[in-house]
>>> print(open('data.cif').read())   # mmCIF, C-alpha atoms
data_my_file
#
loop_
_atom_site.label_atom_id
_atom_site.label_comp_id
_atom_site.auth_asym_id
_atom_site.auth_seq_id
_atom_site.Cartn_x
_atom_site.Cartn_y
_atom_site.Cartn_z
CA MET A 29 -33.59 -48.94 -48.11
CA ALA A 30 -32.20 -49.31 -44.61
CA THR A 31 -28.84 -50.98 -44.17
CA VAL A 32 -28.70 -53.83 -41.68
CA VAL A 33 -26.15 -53.14 -38.97
CA SER A 34 -24.55 -56.08 -37.18
CA PRO A 35 -24.72 -56.38 -33.38
CA ASP A 36 -20.90 -56.05 -33.27
CA THR A 37 -21.09 -52.76 -35.16
CA ILE A 38 -23.79 -51.50 -32.81
CA ARG A 39 -21.65 -52.39 -29.78
CA LEU A 40 -18.61 -50.69 -31.30
CA GLU A 41 -20.66 -47.60 -32.14
CA LYS A 42 -21.98 -47.40 -28.58
CA ARG A 43 -18.47 -47.61 -27.12
CA LEU A 44 -17.14 -45.02 -29.54
CA ASN A 45 -20.13 -42.74 -28.90
CA ALA A 46 -19.46 -42.94 -25.15
CA LEU A 47 -15.82 -42.08 -25.82
CA ALA A 48 -16.90 -39.13 -28.00
CA TYR A 49 -19.05 -37.76 -25.18
CA VAL A 50 -16.25 -38.21 -22.63
CA VAL A 51 -13.73 -36.48 -24.90
CA SER A 52 -16.18 -33.64 -25.61
CA ALA A 53 -16.90 -33.14 -21.91
CA ALA A 54 -13.17 -33.23 -21.07
CA VAL A 55 -12.41 -30.62 -23.73
CA LEU A 56 -15.23 -28.38 -22.50
CA PHE A 57 -13.95 -28.77 -18.92
CA LEU A 58 -10.40 -27.86 -19.99
CA VAL A 59 -11.59 -24.82 -21.94
CA VAL A 60 -13.51 -23.54 -18.92
CA LEU A 61 -10.61 -24.35 -16.57
CA MET A 62 -7.94 -22.70 -18.73
CA ARG A 63 -9.67 -19.33 -18.29
CA ARG A 64 -9.27 -19.63 -14.51
CA VAL A 65 -5.94 -21.45 -14.09
CA LYS A 66 -2.56 -20.27 -15.33
CA LEU A 67 0.50 -22.51 -15.18
CA ASP A 68 4.09 -21.32 -15.22
CA LEU A 69 6.04 -23.90 -17.20
CA GLY A 70 9.00 -21.58 -17.71
CA VAL A 71 8.42 -21.49 -21.48
CA ASP A 72 7.09 -18.60 -23.56
CA PHE A 73 4.24 -19.95 -25.69
CA THR A 74 3.32 -16.64 -27.32
CA PHE A 75 4.43 -18.08 -30.68
CA LEU A 76 1.39 -20.39 -30.74
CA PRO A 77 -1.50 -18.14 -31.92
CA PRO A 78 -0.25 -18.01 -35.54
CA LEU A 79 0.01 -21.83 -35.39
CA HIS A 80 -3.60 -22.02 -34.15
CA ALA A 81 -4.77 -19.85 -37.02
CA SER A 82 -2.73 -21.85 -39.52
CA LEU A 83 -4.09 -25.18 -38.28
CA ASN A 84 -7.65 -23.85 -38.44
CA ALA A 85 -7.10 -22.46 -41.94
CA LEU A 86 -5.55 -25.74 -43.07
CA THR A 87 -8.52 -27.60 -41.59
CA ALA A 88 -10.88 -25.40 -43.60
CA VAL A 89 -8.99 -26.06 -46.84
CA ILE A 90 -8.92 -29.80 -46.13
CA LEU A 91 -12.65 -29.85 -45.37
CA VAL A 92 -13.43 -28.16 -48.69
CA TYR A 93 -11.20 -30.72 -50.41
CA ALA A 94 -12.97 -33.56 -48.55
CA LEU A 95 -16.33 -32.28 -49.78
CA TRP A 96 -15.01 -31.98 -53.33
CA ALA A 97 -13.61 -35.52 -53.16
CA ILE A 98 -16.85 -37.09 -51.96
CA LYS A 99 -18.85 -35.17 -54.57
CA ARG A 100 -16.55 -36.84 -57.14
CA LYS A 101 -17.24 -40.16 -55.35
CA ASP A 102 -13.55 -40.50 -54.44
CA VAL A 103 -14.16 -42.14 -51.06
CA GLN A 104 -10.47 -42.82 -50.39
CA ALA A 105 -9.47 -39.18 -50.94
CA HIS A 106 -12.42 -38.06 -48.81
CA ARG A 107 -11.44 -40.45 -46.01
CA ARG A 108 -7.80 -39.33 -46.07
CA ALA A 109 -8.86 -35.69 -46.04
CA ILE A 110 -11.18 -36.16 -43.07
CA TYR A 111 -8.44 -37.96 -41.15
CA ALA A 112 -6.11 -35.05 -41.95
CA ALA A 113 -8.73 -32.51 -40.83
CA MET A 114 -9.19 -34.45 -37.59
CA VAL A 115 -5.41 -34.49 -36.99
CA CYS A 116 -5.17 -30.74 -37.65
CA SER A 117 -8.07 -30.13 -35.27
CA VAL A 118 -6.52 -32.27 -32.51
CA LEU A 119 -3.17 -30.49 -32.92
CA PHE A 120 -4.97 -27.16 -32.81
CA LEU A 121 -6.85 -28.14 -29.68
CA LEU A 122 -3.74 -29.36 -27.85
CA SER A 123 -1.83 -26.22 -28.80
CA TYR A 124 -4.75 -23.94 -27.94
CA VAL A 125 -5.22 -25.45 -24.48
CA LEU A 126 -1.48 -25.32 -23.79
CA TYR A 127 -1.35 -21.66 -24.83
CA HIS A 128 -4.35 -20.62 -22.74
CA PHE A 129 -3.16 -22.50 -19.66
CA THR A 130 0.20 -20.71 -19.78
CA THR A 131 -0.40 -17.27 -21.28
CA PRO A 132 -2.50 -14.29 -20.15
CA GLU A 133 -5.52 -13.56 -22.32
CA THR A 134 -5.13 -10.98 -25.09
CA ARG A 135 -7.98 -8.48 -25.20
CA TYR A 136 -9.36 -7.02 -28.41
CA GLY A 137 -8.66 -3.30 -28.61
CA GLY A 138 -10.56 -2.35 -31.74
CA GLU A 139 -13.37 0.18 -31.73
CA GLY A 140 -16.51 0.99 -33.67
CA TRP A 141 -18.32 -1.44 -35.93
CA LEU A 142 -15.27 -3.69 -36.25
CA ARG A 143 -15.52 -4.42 -32.53
CA TYR A 144 -19.04 -5.73 -33.04
CA VAL A 145 -17.93 -7.85 -36.00
CA TYR A 146 -15.03 -9.28 -33.99
CA PHE A 147 -17.17 -10.21 -31.00
CA PHE A 148 -19.92 -11.65 -33.19
CA LEU A 149 -17.38 -13.86 -34.97
CA LEU A 150 -15.62 -14.78 -31.72
CA ILE A 151 -18.80 -15.66 -29.83
CA THR A 152 -20.26 -17.70 -32.69
CA HIS A 153 -16.88 -19.37 -33.25
CA ILE A 154 -16.54 -20.42 -29.61
CA ALA A 155 -20.18 -21.48 -29.20
CA LEU A 156 -20.22 -23.52 -32.40
CA ALA A 157 -16.83 -25.08 -31.63
CA ALA A 158 -18.18 -26.28 -28.28
CA VAL A 159 -21.50 -27.48 -29.66
CA THR A 160 -20.19 -29.16 -32.80
CA LEU A 161 -17.28 -31.12 -31.29
CA PRO A 162 -19.39 -34.10 -30.18
CA PHE A 163 -21.30 -34.04 -33.48
CA ILE A 164 -18.07 -34.01 -35.50
CA LEU A 165 -16.96 -37.07 -33.55
CA LEU A 166 -20.34 -38.79 -33.92
CA THR A 167 -20.39 -38.11 -37.67
CA PHE A 168 -16.89 -39.59 -37.93
CA ILE A 169 -17.99 -42.64 -35.92
CA ARG A 170 -20.92 -43.24 -38.29
CA ALA A 171 -18.51 -43.48 -41.23
CA TYR A 172 -15.91 -45.42 -39.26
CA THR A 173 -18.51 -48.08 -38.40
CA GLY A 174 -19.72 -48.26 -42.00
CA GLN A 175 -23.06 -46.54 -41.40
CA PHE A 176 -22.72 -44.32 -44.42
CA GLU A 177 -26.37 -43.23 -44.76
CA ARG A 178 -26.41 -42.03 -41.14
CA HIS A 179 -22.98 -40.43 -41.70
CA LYS A 180 -24.28 -38.62 -44.78
CA LYS A 181 -27.37 -37.34 -42.95
CA MET A 182 -25.32 -35.92 -40.08
CA SER A 183 -22.54 -34.53 -42.23
CA ARG A 184 -24.97 -32.38 -44.22
CA TRP A 185 -25.42 -30.09 -41.23
CA VAL A 186 -22.23 -30.82 -39.24
CA PHE A 187 -19.89 -30.04 -42.16
CA PRO A 188 -20.94 -26.38 -42.63
CA LEU A 189 -20.68 -25.77 -38.88
CA TRP A 190 -17.20 -27.32 -38.69
CA LEU A 191 -16.16 -25.30 -41.75
CA TYR A 192 -17.53 -22.10 -40.17
CA VAL A 193 -15.49 -22.74 -37.01
CA ALA A 194 -12.37 -23.50 -39.07
CA VAL A 195 -12.75 -20.29 -41.11
CA THR A 196 -13.71 -17.91 -38.30
CA GLY A 197 -10.77 -18.99 -36.12
CA PRO A 198 -8.13 -17.45 -38.44
CA ILE A 199 -10.33 -14.39 -39.03
CA CYS A 200 -10.56 -13.79 -35.28
CA TYR A 201 -6.79 -14.28 -34.98
CA LEU A 202 -6.11 -11.74 -37.74
CA MET A 203 -8.43 -9.23 -36.08
CA LEU A 204 -6.78 -9.81 -32.66
CA ARG A 205 -3.21 -9.92 -33.99
CA PRO A 206 -2.41 -6.20 -33.52
CA TYR A 207 -3.16 -6.53 -29.80
CA TYR A 208 -0.80 -9.36 -28.95
CA GLY A 209 2.05 -8.27 -26.65
#
>>> encode(input="data.cif", output="structure tokens")
Amino acid sequence: MATVVSPDTIRLEKRLNALAYVVSAAVLFLVVLMRRVKLDLGVDFTFLPPLHASLNALTAVILVYALWAIKRKDVQAHRRAIYAAMVCSVLFLLSYVLYHFTTPETRYGGEGWLRYVYFFLLITHIALAAVTLPFILLTFIRAYTGQFERHKKMSRWVFPLWLYVAVTGPICYLMLRPYYG
């Protein structure tokens, strides 16, 4: 049975969707730009990569908890967990962009089959992070506007992608860690 959505909810959803697309495009633009532009702020930000990995790992744990909570039908715990995962992801993103705008890129120095594993994980991590960001936001908007059936449909495929990104980030960090200056 389809839920009737009020015109006000539809208007709110449209505005939030537009915002989600703008935010996603801005993040993609910054990620591309940070590879080409380096800023000298006079501060050494080389302490940030372990924070990035920690925030991603924490996001992964929170996402698993959010899934567990909703499976138990604990909507409040699920909602709080998703908000926490979103906050961790925003903090990660801000820290990640700051780091890459101010610090030279670290290159992976491993050899053999581990090199292939690293680059497979890194490439899929980056590609899925870029592709899933707008869908994470859109899934969140569906729940925020009370469209829970649409939220549930999207989250079934967005959740595993977000979890994959959150798990592979720390793995890539651990594999790259020996090569930091």
>>> residues_around(input="data.cif", residues="segment 155-172 of chain A", least_positions_apart="5", cutoff="10 Å", atoms="all atoms listed in the file", output="VMD selection string")
chain A and resid 37 40 to 42 44 to 53 55 to 56 59 107 110 to 111 114 149 to 150 177 to 187 189 to 190 192 to 194 197
>>> atom_distance(input="data.cif", atom1="atom CA of Thr152 of chain A", atom2="atom CA of Gly140 of chain A")
19.1 Å
>>> atom_distance(input="data.cif", atom1="atom CA of Leu126 of chain A", atom2="atom CA of Tyr144 of chain A")
27.9 Å
>>> residues_around(input="data.cif", residues="Arg135 of chain A", least_positions_apart="3", cutoff="9 Å", atoms="all atoms listed in the file", output="ChimeraX atom specification")
/A:204,207-208
>>> residues_around(input="data.cif", residues="Leu83 of chain A", least_positions_apart="6", cutoff="9 Å", atoms="only C-alpha atoms", output="list of chain:residue names")
A:Cys116, A:Ser117, A:Leu119, A:Phe120, A:Ala194, A:Pro198
>>> closest_residue(input="data.cif", among="A:Leu191, A:Ser123, A:Thr134, A:Phe129", to="Leu91 of chain A", atoms="only C-alpha atoms")
A:Leu191
>>> atom_distance(input="data.cif", atom1="atom CA of Thr130 of chain A", atom2="atom CA of Leu69 of chain A")
7.1 Å
>>> closest_residue(input="data.cif", among="A:Gln104, A:Thr131, A:Thr196, A:Gln175", to="Val145 of chain A", atoms="all atoms listed in the file")
A:Thr196
>>> closest_residue(input="data.cif", among="A:His153, A:Arg205, A:His128, A:Arg143", to="Asp72 of chain A", atoms="all atoms listed in the file")
A:His128
>>> closest_residue(input="data.cif", among="A:Ala112, A:Leu122, A:Ala94, A:Ala85", to="Leu202 of chain A", atoms="all atoms listed in the file")
A:Ala85
>>> closest_residue(input="data.cif", among="A:Asp68, A:Asp102, A:Glu139, A:Glu133", to="Met203 of chain A", atoms="all atoms listed in the file")
A:Glu139
>>> resolve_selection(input="data.cif", expression="the PyMOL selection byres ((chain A and resi 77) around 9)", output="JSON list (two decimals) with C-alpha atoms, in the frame of the given file")
[["chain", "number", "residue", "atom", "x", "y", "z"],
["A", 73, "PHE", "CA", 4.24, -19.95, -25.69],
["A", 74, "THR", "CA", 3.32, -16.64, -27.32],
["A", 75, "PHE", "CA", 4.43, -18.08, -30.68],
["A", 76, "LEU", "CA", 1.39, -20.39, -30.74],
["A", 78, "PRO", "CA", -0.25, -18.01, -35.54],
["A", 79, "LEU", "CA", 0.01, -21.83, -35.39],
["A", 80, "HIS", "CA", -3.60, -22.02, -34.15],
["A", 81, "ALA", "CA", -4.77, -19.85, -37.02],
["A", 82, "SER", "CA", -2.73, -21.85, -39.52],
["A", 123, "SER", "CA", -1.83, -26.22, -28.80],
["A", 124, "TYR", "CA", -4.75, -23.94, -27.94],
["A", 127, "TYR", "CA", -1.35, -21.66, -24.83],
["A", 201, "TYR", "CA", -6.79, -14.28, -34.98],
["A", 205, "ARG", "CA", -3.21, -9.92, -33.99]]
>>> closest_residue(input="data.cif", among="A:Pro188, A:Pro35, A:Gly138, A:Pro132", to="Arg63 of chain A", atoms="only C-alpha atoms")
A:Pro132
>>> axis_aligned_box(input="data.cif", around="segment 69-76 of chain A", padding_each_side="8 Å", output="AutoDock Vina command-line options")
--center_x 5.2 --center_y -20.3 --center_z -24.0 --size_x 23.6 --size_y 23.3 --size_z 29.5
>>> build_atoms(input="data.cif", residues="segment 81-109 of chain A", atoms="N, CA and C atoms", output="PDB file, in the frame of the given file")
ATOM      1  N   ALA A  81      -4.089 -20.368 -35.838  1.00  0.00           N
ATOM      2  CA  ALA A  81      -4.770 -19.850 -37.020  1.00  0.00           C
ATOM      3  C   ALA A  81      -4.429 -20.675 -38.259  1.00  0.00           C
ATOM      4  N   SER A  82      -3.167 -21.052 -38.377  1.00  0.00           N
ATOM      5  CA  SER A  82      -2.730 -21.850 -39.520  1.00  0.00           C
ATOM      6  C   SER A  82      -3.391 -23.231 -39.529  1.00  0.00           C
ATOM      7  N   LEU A  83      -3.448 -23.860 -38.363  1.00  0.00           N
ATOM      8  CA  LEU A  83      -4.090 -25.180 -38.280  1.00  0.00           C
ATOM      9  C   LEU A  83      -5.573 -25.094 -38.597  1.00  0.00           C
ATOM     10  N   ASN A  84      -6.238 -24.032 -38.116  1.00  0.00           N
ATOM     11  CA  ASN A  84      -7.650 -23.850 -38.440  1.00  0.00           C
ATOM     12  C   ASN A  84      -7.838 -23.603 -39.938  1.00  0.00           C
ATOM     13  N   ALA A  85      -7.000 -22.753 -40.511  1.00  0.00           N
ATOM     14  CA  ALA A  85      -7.100 -22.460 -41.940  1.00  0.00           C
ATOM     15  C   ALA A  85      -6.848 -23.717 -42.770  1.00  0.00           C
ATOM     16  N   LEU A  86      -5.840 -24.484 -42.376  1.00  0.00           N
ATOM     17  CA  LEU A  86      -5.550 -25.740 -43.070  1.00  0.00           C
ATOM     18  C   LEU A  86      -6.725 -26.707 -42.953  1.00  0.00           C
ATOM     19  N   THR A  87      -7.332 -26.760 -41.781  1.00  0.00           N
ATOM     20  CA  THR A  87      -8.520 -27.600 -41.590  1.00  0.00           C
ATOM     21  C   THR A  87      -9.615 -27.188 -42.562  1.00  0.00           C
ATOM     22  N   ALA A  88      -9.843 -25.889 -42.689  1.00  0.00           N
ATOM     23  CA  ALA A  88     -10.880 -25.400 -43.600  1.00  0.00           C
ATOM     24  C   ALA A  88     -10.601 -25.828 -45.039  1.00  0.00           C
ATOM     25  N   VAL A  89      -9.362 -25.670 -45.474  1.00  0.00           N
ATOM     26  CA  VAL A  89      -8.990 -26.060 -46.840  1.00  0.00           C
ATOM     27  C   VAL A  89      -9.195 -27.573 -47.029  1.00  0.00           C
ATOM     28  N   ILE A  90      -8.775 -28.339 -46.051  1.00  0.00           N
ATOM     29  CA  ILE A  90      -8.920 -29.800 -46.130  1.00  0.00           C
ATOM     30  C   ILE A  90     -10.386 -30.203 -46.164  1.00  0.00           C
ATOM     31  N   LEU A  91     -11.208 -29.535 -45.367  1.00  0.00           N
ATOM     32  CA  LEU A  91     -12.650 -29.850 -45.370  1.00  0.00           C
ATOM     33  C   LEU A  91     -13.285 -29.576 -46.726  1.00  0.00           C
ATOM     34  N   VAL A  92     -12.903 -28.465 -47.344  1.00  0.00           N
ATOM     35  CA  VAL A  92     -13.430 -28.160 -48.690  1.00  0.00           C
ATOM     36  C   VAL A  92     -12.966 -29.234 -49.666  1.00  0.00           C
ATOM     37  N   TYR A  93     -11.708 -29.649 -49.557  1.00  0.00           N
ATOM     38  CA  TYR A  93     -11.200 -30.720 -50.410  1.00  0.00           C
ATOM     39  C   TYR A  93     -11.965 -32.029 -50.154  1.00  0.00           C
ATOM     40  N   ALA A  94     -12.233 -32.332 -48.898  1.00  0.00           N
ATOM     41  CA  ALA A  94     -12.970 -33.560 -48.550  1.00  0.00           C
ATOM     42  C   ALA A  94     -14.358 -33.545 -49.184  1.00  0.00           C
ATOM     43  N   LEU A  95     -15.012 -32.404 -49.149  1.00  0.00           N
ATOM     44  CA  LEU A  95     -16.330 -32.280 -49.780  1.00  0.00           C
ATOM     45  C   LEU A  95     -16.218 -32.478 -51.289  1.00  0.00           C
ATOM     46  N   TRP A  96     -15.236 -31.844 -51.885  1.00  0.00           N
ATOM     47  CA  TRP A  96     -15.010 -31.980 -53.330  1.00  0.00           C
ATOM     48  C   TRP A  96     -14.755 -33.449 -53.686  1.00  0.00           C
ATOM     49  N   ALA A  97     -13.936 -34.119 -52.886  1.00  0.00           N
ATOM     50  CA  ALA A  97     -13.610 -35.520 -53.160  1.00  0.00           C
ATOM     51  C   ALA A  97     -14.831 -36.411 -53.086  1.00  0.00           C
ATOM     52  N   ILE A  98     -15.668 -36.216 -52.089  1.00  0.00           N
ATOM     53  CA  ILE A  98     -16.850 -37.090 -51.960  1.00  0.00           C
ATOM     54  C   ILE A  98     -17.875 -36.773 -53.031  1.00  0.00           C
ATOM     55  N   LYS A  99     -17.944 -35.527 -53.467  1.00  0.00           N
ATOM     56  CA  LYS A  99     -18.850 -35.170 -54.570  1.00  0.00           C
ATOM     57  C   LYS A  99     -18.410 -35.869 -55.857  1.00  0.00           C
ATOM     58  N   ARG A 100     -17.089 -36.099 -55.986  1.00  0.00           N
ATOM     59  CA  ARG A 100     -16.550 -36.840 -57.140  1.00  0.00           C
ATOM     60  C   ARG A 100     -16.615 -38.343 -56.914  1.00  0.00           C
ATOM     61  N   LYS A 101     -17.124 -38.752 -55.747  1.00  0.00           N
ATOM     62  CA  LYS A 101     -17.240 -40.160 -55.350  1.00  0.00           C
ATOM     63  C   LYS A 101     -15.867 -40.814 -55.128  1.00  0.00           C
ATOM     64  N   ASP A 102     -14.881 -39.996 -54.777  1.00  0.00           N
ATOM     65  CA  ASP A 102     -13.550 -40.500 -54.440  1.00  0.00           C
ATOM     66  C   ASP A 102     -13.510 -40.696 -52.919  1.00  0.00           C
ATOM     67  N   VAL A 103     -14.010 -41.843 -52.495  1.00  0.00           N
ATOM     68  CA  VAL A 103     -14.160 -42.140 -51.060  1.00  0.00           C
ATOM     69  C   VAL A 103     -12.803 -42.167 -50.363  1.00  0.00           C
ATOM     70  N   GLN A 104     -11.802 -42.739 -51.006  1.00  0.00           N
ATOM     71  CA  GLN A 104     -10.470 -42.820 -50.390  1.00  0.00           C
ATOM     72  C   GLN A 104      -9.888 -41.433 -50.130  1.00  0.00           C
ATOM     73  N   ALA A 105      -9.980 -40.548 -51.110  1.00  0.00           N
ATOM     74  CA  ALA A 105      -9.470 -39.180 -50.940  1.00  0.00           C
ATOM     75  C   ALA A 105     -10.259 -38.459 -49.846  1.00  0.00           C
ATOM     76  N   HIS A 106     -11.576 -38.668 -49.840  1.00  0.00           N
ATOM     77  CA  HIS A 106     -12.420 -38.060 -48.810  1.00  0.00           C
ATOM     78  C   HIS A 106     -12.010 -38.558 -47.421  1.00  0.00           C
ATOM     79  N   ARG A 107     -11.819 -39.858 -47.303  1.00  0.00           N
ATOM     80  CA  ARG A 107     -11.440 -40.450 -46.010  1.00  0.00           C
ATOM     81  C   ARG A 107     -10.094 -39.890 -45.537  1.00  0.00           C
ATOM     82  N   ARG A 108      -9.120 -39.864 -46.433  1.00  0.00           N
ATOM     83  CA  ARG A 108      -7.800 -39.330 -46.070  1.00  0.00           C
ATOM     84  C   ARG A 108      -7.898 -37.851 -45.652  1.00  0.00           C
ATOM     85  N   ALA A 109      -8.705 -37.105 -46.360  1.00  0.00           N
ATOM     86  CA  ALA A 109      -8.860 -35.690 -46.040  1.00  0.00           C
ATOM     87  C   ALA A 109      -9.520 -35.500 -44.671  1.00  0.00           C
TER      88      ALA A 109
END
